[in-house]
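The file my_file_6.cif contains mmCIF, C-alpha atoms:
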```
data_model
#
loop_
_atom_site.label_atom_id
_atom_site.label_comp_id
_atom_site.auth_asym_id
_atom_site.auth_seq_id
_atom_site.Cartn_x
_atom_site.Cartn_y
_atom_site.Cartn_z
CA MET K 116 0.00 0.00 0.00
CA SER K 117 1.38 3.41 -0.93
CA GLU K 118 2.29 5.65 1.97
CA ASN K 119 0.68 9.02 1.32
CA THR K 120 0.94 11.75 3.92
CA LEU K 121 -2.39 12.88 5.34
CA SER K 122 -2.74 16.65 5.46
CA PHE K 123 -5.70 18.69 6.69
CA ASP K 124 -4.53 21.70 4.70
CA LYS K 125 -5.47 21.50 1.05
CA PRO K 126 -2.44 22.46 -1.07
CA THR K 127 -2.87 25.72 -2.91
CA ASN K 128 -0.75 27.68 -5.34
CA GLU K 129 -0.62 30.69 -2.99
CA ILE K 130 2.50 32.10 -1.40
CA TYR K 131 1.86 33.80 1.95
CA SER K 132 3.69 36.43 3.95
CA SER K 133 2.34 37.22 7.43
CA GLY K 134 -0.98 35.65 6.54
CA LYS K 135 -1.45 37.58 3.29
CA VAL K 136 -1.20 36.22 -0.26
CA VAL K 137 1.85 37.74 -1.92
CA GLY K 138 2.26 35.40 -4.86
CA ILE K 139 0.42 32.83 -6.97
CA THR K 140 2.37 30.03 -8.62
CA ASP K 141 1.44 28.63 -12.04
CA GLN K 142 0.72 25.22 -10.53
CA ILE K 143 0.77 23.54 -7.12
CA TYR K 144 4.32 22.53 -6.27
CA ASN K 145 5.14 19.74 -3.85
CA ILE K 146 8.24 20.85 -1.94
CA LYS K 147 10.64 18.04 -1.16
CA GLY K 148 14.18 18.79 -0.12
CA SER K 149 15.83 22.09 0.68
CA GLU K 150 14.95 24.12 -2.39
CA ILE K 151 12.29 24.69 -5.04
CA THR K 152 12.09 26.66 -8.26
CA PHE K 153 8.73 28.05 -9.31
CA LYS K 154 8.51 28.43 -13.07
CA ASP K 155 6.03 31.29 -12.93
CA VAL K 156 4.77 33.45 -10.07
CA LEU K 157 2.14 36.15 -10.31
CA VAL K 158 3.29 38.69 -7.76
CA LYS K 159 0.61 40.08 -5.46
CA GLY K 160 2.64 41.65 -2.69
CA GLU K 161 6.01 41.89 -1.01
CA MET K 162 7.91 38.69 -1.81
CA SER K 163 10.93 39.34 0.41
CA GLY K 164 11.79 37.74 3.72
CA GLU K 165 10.17 34.65 5.21
CA LEU K 166 7.31 33.31 3.12
CA GLU K 167 5.02 30.32 3.53
CA TYR K 168 3.95 27.88 0.81
CA ASN K 169 1.66 24.98 1.76
CA GLY K 170 2.96 24.87 5.30
CA VAL K 171 6.63 25.14 4.29
CA LYS K 172 8.70 28.23 5.14
CA ILE K 173 10.68 29.46 2.16
CA LYS K 174 12.76 32.43 1.08
CA VAL K 175 13.37 33.73 -2.45
CA ILE K 176 17.06 33.65 -3.26
CA LYS K 177 17.06 34.31 -7.01
CA VAL K 178 14.67 35.38 -9.74
CA ASN K 179 15.52 34.61 -13.34
CA THR K 180 13.23 37.16 -15.03
CA MET K 181 10.94 39.89 -13.73
CA ILE K 182 8.19 41.04 -16.08
CA GLY K 183 6.11 44.12 -15.37
CA LEU K 184 3.17 43.18 -17.56
CA GLU K 185 2.84 39.97 -19.52
CA MET K 186 0.40 39.52 -22.37
CA SER K 187 -1.19 36.08 -22.35
CA SER K 188 -4.14 34.43 -24.08
CA ALA K 189 -6.17 35.24 -20.95
CA GLY K 190 -5.25 38.91 -21.14
CA PRO K 191 -2.54 41.03 -19.44
CA ARG K 192 -1.15 39.88 -16.10
CA GLY K 193 1.60 41.09 -13.91
CA PRO K 194 3.96 41.62 -12.35
CA VAL K 195 5.21 38.13 -13.18
CA TRP K 196 8.43 36.48 -12.02
CA LYS K 197 9.89 33.58 -13.98
CA GLY K 198 12.29 31.00 -12.56
CA VAL K 199 11.92 31.88 -8.89
CA GLU K 200 14.47 29.94 -6.89
CA CYS K 201 13.63 29.51 -3.22
CA GLU K 202 15.31 27.83 -0.31
CA VAL K 203 13.44 26.06 2.46
CA ILE K 204 13.92 27.70 5.85
CA LYS K 205 14.12 25.31 8.78
CA MET C 66 -13.02 2.64 28.14
CA SER C 67 -10.34 4.56 26.25
CA ILE C 68 -6.69 4.01 27.01
CA SER C 69 -5.20 7.14 28.50
CA VAL C 70 -2.45 8.64 26.34
CA VAL C 71 -1.47 12.19 27.26
CA GLY C 72 -2.48 14.68 24.59
CA SER C 73 -3.53 18.32 24.59
CA SER C 74 -6.10 19.60 27.06
CA MET C 75 -8.65 19.72 24.23
CA GLN C 76 -7.97 16.07 23.44
CA GLU C 77 -8.30 15.10 27.10
CA TRP C 78 -11.66 16.80 27.48
CA PHE C 79 -13.04 15.10 24.38
CA LYS C 80 -11.67 11.77 25.60
CA ARG C 81 -13.35 12.17 28.97
CA TYR C 82 -16.64 13.01 27.25
CA SER C 83 -16.22 9.99 25.00
CA ASP C 84 -15.81 7.84 28.11
CA LEU C 85 -19.00 9.29 29.57
CA LEU C 86 -20.88 8.48 26.36
CA GLU C 87 -19.52 4.94 26.42
CA VAL C 88 -20.50 4.41 30.07
CA SER C 89 -23.95 5.80 29.41
CA PHE C 90 -24.34 3.54 26.37
CA LYS C 91 -23.41 0.46 28.38
CA SER C 92 -25.67 1.43 31.26
CA SER C 93 -28.66 1.65 28.91
CA ALA C 94 -28.07 -1.94 27.76
CA PRO C 95 -30.43 -3.49 30.38
CA ILE C 96 -33.38 -1.45 29.02
CA LYS C 97 -35.59 -4.09 27.45
CA HIS C 98 -37.78 -1.75 25.45
CA THR C 99 -35.81 -1.39 22.23
CA VAL C 100 -37.42 1.86 21.09
CA THR C 101 -36.79 3.58 24.42
CA LYS C 102 -33.21 2.35 24.47
CA GLY C 103 -32.64 3.56 20.91
CA GLU C 104 -34.18 6.96 21.54
CA SER C 105 -32.11 7.41 24.68
CA ARG C 106 -28.91 6.66 22.78
CA GLU C 107 -29.83 9.00 19.91
CA ARG C 108 -30.72 11.81 22.30
CA GLN C 109 -27.45 11.36 24.12
CA ILE C 110 -25.21 11.86 21.10
CA ASN C 111 -27.42 14.67 19.82
CA ASP C 112 -27.17 16.43 23.19
CA ALA C 113 -23.38 16.11 23.02
CA LEU C 114 -23.20 17.49 19.49
CA LYS C 115 -25.46 20.40 20.44
CA ILE C 116 -22.81 21.42 22.96
CA PHE C 117 -19.82 20.92 20.69
CA LEU C 118 -20.95 22.25 17.32
CA PRO C 119 -21.01 25.91 16.24
CA LYS C 120 -24.35 27.58 16.98
CA VAL C 121 -24.73 28.94 13.44
CA ILE C 122 -26.37 25.61 12.74
CA SER C 123 -29.15 23.98 14.78
CA LEU C 124 -29.30 20.27 15.53
CA VAL C 125 -32.89 19.07 15.41
CA ASP C 126 -33.79 15.67 16.85
CA ARG C 127 -36.86 15.06 14.76
CA ALA C 128 -37.27 16.49 11.29
CA VAL C 129 -39.01 15.52 8.09
CA ILE C 130 -36.96 16.65 5.12
CA ILE C 131 -38.98 17.52 2.01
CA ASP C 132 -38.21 18.75 -1.49
CA THR C 133 -40.13 20.70 -4.14
CA GLN C 134 -41.33 17.43 -5.69
CA ASP C 135 -43.09 16.62 -2.39
CA LYS C 136 -40.70 13.76 -1.73
CA GLN C 137 -39.98 13.06 1.94
CA ALA C 138 -36.66 11.70 3.11
CA PRO C 139 -36.49 8.73 5.46
CA MET C 140 -36.39 9.80 9.10
CA PHE C 141 -32.88 10.48 10.40
CA ASP C 142 -31.92 10.61 14.06
CA GLY C 143 -30.55 14.13 13.88
CA VAL C 144 -30.50 16.89 11.31
CA LEU C 145 -28.16 19.89 11.17
CA ILE C 146 -30.14 22.73 9.65
CA ASP C 147 -29.86 26.45 9.10
CA HIS C 148 -32.63 27.70 11.35
CA ASN C 149 -31.63 31.33 10.92
CA GLN C 150 -32.17 32.00 7.25
CA TRP C 151 -34.76 29.41 6.25
CA PRO C 152 -38.40 29.32 7.30
CA HIS C 153 -39.68 26.05 8.75
CA VAL C 154 -42.96 24.47 9.67
CA MET C 155 -43.55 22.74 12.97
CA THR C 156 -46.28 20.17 13.46
CA LEU C 157 -48.41 20.21 16.59
CA ASP C 158 -46.43 17.36 18.15
CA GLY C 159 -43.10 19.11 17.69
CA LEU C 160 -41.94 17.55 14.45
CA LEU C 161 -40.01 19.97 12.23
CA ILE C 162 -40.69 20.06 8.50
CA ALA C 163 -37.47 21.19 6.83
CA MET C 164 -36.86 22.18 3.23
CA ILE C 165 -33.97 20.12 1.94
CA GLU C 166 -32.18 23.31 0.92
CA SER C 167 -31.89 24.26 4.62
CA VAL C 168 -30.29 20.95 5.61
CA TYR C 169 -26.53 20.67 5.89
CA VAL C 170 -26.06 17.24 7.43
CA ALA C 171 -28.35 14.32 8.30
CA ILE C 172 -27.11 12.07 11.12
CA GLU C 173 -27.99 8.45 11.71
CA VAL C 174 -27.22 6.88 15.11
CA LYS C 175 -26.65 3.16 15.52
CA SER C 176 -25.97 1.21 18.69
CA SER C 177 -23.58 -1.07 16.86
CA LEU C 178 -22.39 -1.20 13.28
CA LYS C 179 -23.06 -4.37 11.32
CA LYS C 180 -23.68 -4.99 7.61
CA ALA C 181 -27.42 -4.44 7.95
CA ASP C 182 -26.78 -1.11 9.70
CA LEU C 183 -24.34 -0.04 6.99
CA ASP C 184 -26.82 -0.98 4.28
CA ASP C 185 -29.49 1.06 6.06
CA ILE C 186 -27.19 4.11 6.27
CA PHE C 187 -26.28 3.87 2.59
CA LYS C 188 -29.90 3.37 1.56
CA LYS C 189 -31.10 6.43 3.49
CA SER C 190 -28.17 8.48 2.21
CA ALA C 191 -28.82 7.50 -1.40
CA TYR C 192 -32.48 8.52 -1.06
CA LEU C 193 -31.76 11.87 0.60
CA ARG C 194 -28.86 12.81 -1.63
CA THR C 195 -30.83 12.23 -4.82
CA MET C 196 -33.80 14.39 -3.81
CA THR C 197 -34.32 17.61 -5.76
CA ILE C 198 -32.46 20.66 -4.52
CA ILE C 199 -33.00 24.23 -5.72
CA PRO C 200 -29.67 26.11 -5.56
CA SER C 201 -29.69 29.53 -3.96
CA ASP C 202 -27.10 32.19 -3.15
CA VAL C 203 -26.99 30.80 0.39
CA LYS C 204 -26.56 27.13 -0.40
CA ALA C 205 -26.35 25.09 -3.55
CA THR C 206 -25.34 21.60 -2.47
CA GLN C 207 -27.01 18.37 -1.43
CA PRO C 208 -27.09 17.64 2.31
CA LEU C 209 -24.35 15.35 3.52
CA VAL C 210 -24.95 12.22 5.57
CA THR C 211 -22.96 10.92 8.49
CA ALA C 212 -23.54 8.19 11.05
CA PHE C 213 -22.48 7.59 14.63
CA ALA C 214 -22.13 4.12 16.11
CA TYR C 215 -21.33 3.33 19.72
CA GLU C 216 -19.54 0.11 18.89
CA CYS C 217 -18.48 -2.23 16.11
CA SER C 218 -17.41 -5.82 16.65
CA ASN C 219 -15.29 -6.07 13.48
CA ILE C 220 -13.82 -2.82 12.19
CA ASN C 221 -11.90 -4.59 9.41
CA LEU C 222 -15.06 -6.10 7.96
CA SER C 223 -17.17 -2.96 8.41
CA PHE C 224 -14.59 -0.76 6.71
CA PHE C 225 -14.34 -3.25 3.85
CA ASP C 226 -18.14 -3.19 3.50
CA PHE C 227 -18.12 0.63 3.66
CA ALA C 228 -15.47 0.87 0.97
CA ILE C 229 -17.21 -1.60 -1.34
CA SER C 230 -20.57 0.13 -0.88
CA TYR C 231 -18.98 3.53 -1.54
CA ASN C 232 -17.36 2.14 -4.68
CA GLU C 233 -20.74 0.92 -5.92
CA ILE C 234 -22.96 3.81 -4.91
CA GLY C 235 -20.58 6.74 -5.34
CA ILE C 236 -21.76 10.32 -4.89
CA PRO C 237 -25.05 9.59 -3.02
CA SER C 238 -22.99 7.77 -0.35
CA PRO C 239 -22.62 8.93 3.26
CA SER C 240 -19.52 11.00 4.03
CA GLN C 241 -18.51 9.53 7.37
CA ILE C 242 -19.26 6.94 9.97
CA CYS C 243 -17.91 7.55 13.47
CA ILE C 244 -17.38 4.60 15.81
CA LEU C 245 -16.93 5.88 19.35
CA ASN C 246 -13.47 5.48 20.86
CA ASN C 247 -12.36 3.45 17.87
CA CYS C 248 -12.15 4.95 14.41
CA LEU C 249 -13.85 6.98 11.75
CA PHE C 250 -14.70 5.89 8.21
CA GLY C 251 -14.39 8.91 5.98
CA LEU C 252 -13.34 10.14 2.57
CA ALA C 253 -10.18 11.66 1.18
CA GLU C 254 -8.74 12.77 -2.12
CA ASN C 255 -5.26 13.04 -3.59
CA VAL C 256 -4.23 16.62 -4.25
CA SER C 257 -0.76 17.13 -5.69
CA GLY C 258 0.69 14.16 -3.87
CA ALA C 259 -0.94 14.89 -0.52
CA MET C 260 -3.95 13.05 0.86
CA ILE C 261 -6.56 15.53 2.00
CA PRO C 262 -9.68 14.67 4.03
CA GLU C 263 -12.77 15.53 2.04
CA HIS C 264 -16.36 15.34 3.24
CA VAL C 265 -18.20 15.70 -0.08
CA PRO C 266 -18.43 12.45 -2.05
CA SER C 267 -17.21 12.92 -5.61
CA ASP C 268 -15.56 10.99 -8.43
CA SER C 269 -12.15 11.84 -7.01
CA THR C 270 -12.76 10.84 -3.37
CA PHE C 271 -12.06 7.43 -1.91
CA PRO C 272 -12.84 5.77 1.44
CA ILE C 273 -10.29 6.16 4.22
CA LEU C 274 -10.11 4.72 7.71
CA TYR C 275 -8.94 7.17 10.39
CA LYS C 276 -7.55 5.11 13.26
CA SER C 277 -8.28 7.82 15.77
CA LYS C 278 -9.05 5.60 18.81
CA SER C 279 -9.88 7.75 21.83
CA ASP C 280 -9.65 10.93 19.69
CA THR C 281 -12.48 9.81 17.43
CA LEU C 282 -15.08 12.13 18.96
CA LEU C 283 -12.69 15.08 18.58
CA LEU C 284 -12.15 14.21 14.92
CA TYR C 285 -15.88 13.74 14.31
CA VAL C 286 -16.73 17.12 15.82
CA TYR C 287 -13.98 18.72 13.72
CA PHE C 288 -15.32 17.17 10.52
CA LEU C 289 -18.94 18.03 11.34
CA SER C 290 -17.90 21.63 11.98
CA CYS C 291 -16.23 21.73 8.56
CA MET C 292 -19.32 20.18 6.98
CA VAL C 293 -21.54 22.96 8.28
CA GLY C 294 -19.22 25.51 6.74
CA ILE C 295 -16.91 27.00 9.35
CA GLU C 296 -14.20 29.22 7.89
CA LYS C 297 -10.95 27.47 6.93
CA SER C 298 -9.04 29.79 9.22
CA ILE C 299 -11.24 28.74 12.15
CA ALA C 300 -10.78 25.07 11.30
CA LYS C 301 -7.03 25.65 11.27
CA VAL C 302 -7.11 27.28 14.71
CA PHE C 303 -9.21 24.39 16.05
CA ARG C 304 -6.60 21.93 14.81
CA GLN C 305 -3.83 23.86 16.49
CA TYR C 306 -5.37 23.07 19.89
CA SER C 307 -4.49 19.44 19.20
CA GLU C 308 -1.68 19.99 16.75
CA LYS C 309 0.24 16.83 17.49
CA PHE C 310 -2.83 14.68 16.88
CA PHE C 311 -3.90 16.39 13.65
CA SER C 312 -0.37 16.36 12.26
CA SER C 313 -0.16 12.56 12.34
CA VAL C 314 -3.52 10.80 12.32
CA PRO C 315 -2.93 7.08 11.63
CA HIS C 316 -4.96 6.02 8.62
CA PHE C 317 -5.53 3.28 6.08
CA TYR C 318 -7.18 2.97 2.70
CA PHE C 319 -7.76 0.33 0.04
CA GLU C 320 -6.16 1.11 -3.27
CA ASN C 321 -8.59 1.59 -6.11
CA GLU C 322 -7.22 -1.37 -8.09
CA PHE C 323 -8.15 -3.65 -5.18
CA LEU C 324 -11.70 -2.30 -4.89
CA MET C 325 -12.18 -2.62 -8.64
CA ALA C 326 -10.79 -6.17 -8.60
CA VAL C 327 -13.17 -7.18 -5.79
CA SER C 328 -16.16 -5.66 -7.58
CA GLU C 329 -15.35 -7.31 -10.91
CA ASN C 330 -14.17 -10.60 -9.50
CA SER C 331 -16.28 -13.56 -8.51
CA LYS C 332 -14.15 -13.73 -5.36
CA TYR C 333 -16.09 -11.05 -3.45
CA GLU C 334 -17.34 -13.52 -0.82
CA ALA C 335 -13.91 -15.12 -0.40
CA VAL C 336 -12.31 -11.71 0.05
CA ARG C 337 -15.03 -10.60 2.44
CA ASN C 338 -14.41 -13.71 4.50
CA PHE C 339 -10.79 -12.65 4.97
CA PHE C 340 -11.99 -9.55 6.77
CA LYS C 341 -14.82 -11.37 8.51
CA ASN C 342 -12.47 -13.91 10.06
CA SER C 343 -9.70 -11.46 11.03
CA ALA C 344 -11.34 -8.99 13.40
CA SER C 345 -8.34 -8.73 15.71
CA VAL C 346 -5.63 -8.71 13.02
CA PRO C 347 -4.25 -5.33 11.84
CA ILE C 348 -6.16 -4.37 8.72
CA GLU C 349 -2.94 -3.88 6.74
CA GLU C 350 -2.11 -7.57 7.16
CA VAL C 351 -5.58 -8.70 6.17
CA TYR C 352 -5.43 -6.40 3.16
CA ALA C 353 -2.12 -7.89 2.04
CA GLU C 354 -3.67 -11.39 2.03
CA ALA C 355 -6.86 -10.18 0.38
CA ARG C 356 -4.86 -8.60 -2.45
CA LYS C 357 -3.31 -11.95 -3.25
CA GLU C 358 -6.77 -13.50 -3.34
CA VAL C 359 -7.77 -11.19 -6.21
CA GLY C 360 -4.48 -11.65 -8.03
CA LEU C 361 -2.73 -8.48 -6.95
CA SER C 362 0.73 -8.37 -5.39
#
```

Exercise: express the given structure as structure tokens:
Amino acid sequence: MSENTLSFDKPTNEIYSSGKVVGITDQIYNIKGSEITFKDVLVKGEMSGELEYNGVKIKVIKVNTMIGLEMSSAGPRGPVWKGVECEVIK
Amino acid sequence: MSISVVGSSMQEWFKRYSDLLEVSFKSSAPIKHTVTKGESRERQINDALKIFLPKVISLVDRAVIIDTQDKQAPMFDGVLIDHNQWPHVMTLDGLLIAMIESVYVAIEVKSSLKKADLDDIFKKSAYLRTMTIIPSDVKATQPLVTAFAYECSNINLSFFDFAISYNEIGIPSPSQICILNNCLFGLAENVSGAMIPEHVPSDSTFPILYKSKSDTLLLYVYFLSCMVGIEKSIAKVFRQYSEKFFSSVPHFYFENEFLMAVSENSKYEAVRNFFKNSASVPIEEVYAEARKEVGLS
């Protein structure tokens, strides 16, 4: 039988800082290990310092590309960060 | 009686209350009049839930649930309804007539859980959850069904029966069955690699056994509170009062390939007998043998 972890918190694609949503990732990422890179993040607030993503504390260490306004098939969106490298804070 | 394992204060209070319920259940055993005994046991758990659950919802002991097609649901032992926003009718002898749209959860109480009891719960659930509902801005979903049993002589067999019935009946199925001081049969779904408890039956949910032992009442109250719509932030705070428990609830589930194999296979009775004859064996071990019986490794 597969051993799946039981969690009462439904995973979301929201990045939190002090209880507020500051970023939305393009998909739900499952963080295993000490780092994670989000391909695409729609920035909603201040993304510096200690952040929380699905119960895991993370910190942004590098951003590949920052786009002010991105045109997509769904219309304009932004600011958008691409290739957001984060480390897990213990 | 529950075995005392030190947990949070919240856990301890729920455990003590569970013990009181169990003592009261056993002390009503000598009552020869079955109806009186049954009513006393229903009233007891309803009285407990009235204390524990948020007051935004009312727990009514006797209610007839109706829909716009004039269908009436079978009588449940307790009904969680929104008494604030929805008008109701009361009969002269105190029976509440409730529009199905005002009902959040229907509760069935059983003294003990056997196959016949499970079948009855599923039958009532299937009837209620297929009645007509008119969506509104306040509520747009079918009522959910749960059950509470004071005891169960063979958890392995009952969970197997629950899982098979859920697999066959699907969305009209009950969401949970709580067995006092033992465990809770519920539902879960896989979300991005994590297993998340879910109380609404759907195509993506599957049966799960929460081996909550003396914390079963705590877990049941938590789930019922979620089912009547408490805010996620409130649910999170509630969990933090028993953080250690909620962070590692022992659980078990049958993999879908096994349930499908049992349903399609002529070996249903043989597989069922594995669980029937292994009441005191850990369910994981019985499952391993049952998988071989249907040709799975």

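Nearest-residue note for Glu350 of chain C: choosing from C:Phe317, C:Phe310, C:Tyr333, C:Phe288, the minimum distance belongs to C:Phe317, counting only C-alpha atoms.
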
*When the PyMOL selection byres ((chain K and resi 166) around 10) is applied to the file above, which residues end up in the set, as JSON, numbers by chain?*
{"K": [130, 131, 132, 133, 134, 135, 136, 137, 138, 161, 162, 163, 164, 165, 167, 168, 170, 171, 172, 173, 174, 175, 201, 203, 204]}

*the PyMOL selection byres ((chain K) within 6 of (chain C)) on the file shown: which residues, as JSON, numbers by chain?*
{"K": [120, 121, 122, 123]}

*asked:* Going by the chain IDs and residue numbers used in this file, which residues fall under the PyMOL selection byres ((chain C and resi 221-225) around 6)? Write them as a list in words.
replied: Asn219, Ile220, Asp226, Phe227, Ala228, Phe340, Lys341, Ala344 and Ile348 of chain C

*asked:* Can you tell me which residues surround segment 177-191 of chain K at a distance of at most 8 Å, considering only C-alpha atoms, apart from same-chain residues fewer than 6 positions away, and format the answer as an MDAnalysis selection string?
replied: chainID K and resid 197:201

Just need the box for segment 164-169 of chain K, edges along x, y and z, holding every atom the file lists for it with 3 Å tacked onto each side, so centre and edge lengths in Å to one decimal, as lines of an AutoDock Vina configuration file.
```
center_x = 6.7
center_y = 31.4
center_z = 3.0
size_x = 16.1
size_y = 18.8
size_z = 10.4
```

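The space separating atom CA of Ala181 of chain C from atom CA of Ala214 of chain C comes to 13.0 Å.
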
*Quick one: of K:Ile146, K:Ile139, K:Lys154, K:Asn169, who's nearest to Lys125 of chain K, counting only C-alpha atoms?*
K:Asn169

Give me the segment 259-320 of chain C side of the contact with segment 154-170 of chain C, cut-off 9 Å, one line per residue showing its nearest atom pair and distance in Å at one decimal, counting all atoms listed in the file, sorted by chain and residue number, as a Markdown table.
```
| residue | atom | partner | partner_atom | distance |
| --- | --- | --- | --- | --- |
| C:Leu289 | CA | C:Val170 | CA | 8.2 |
| C:Met292 | CA | C:Tyr169 | CA | 7.3 |
| C:Val293 | CA | C:Tyr169 | CA | 6.0 |
| C:Gly294 | CA | C:Tyr169 | CA | 8.8 |
```
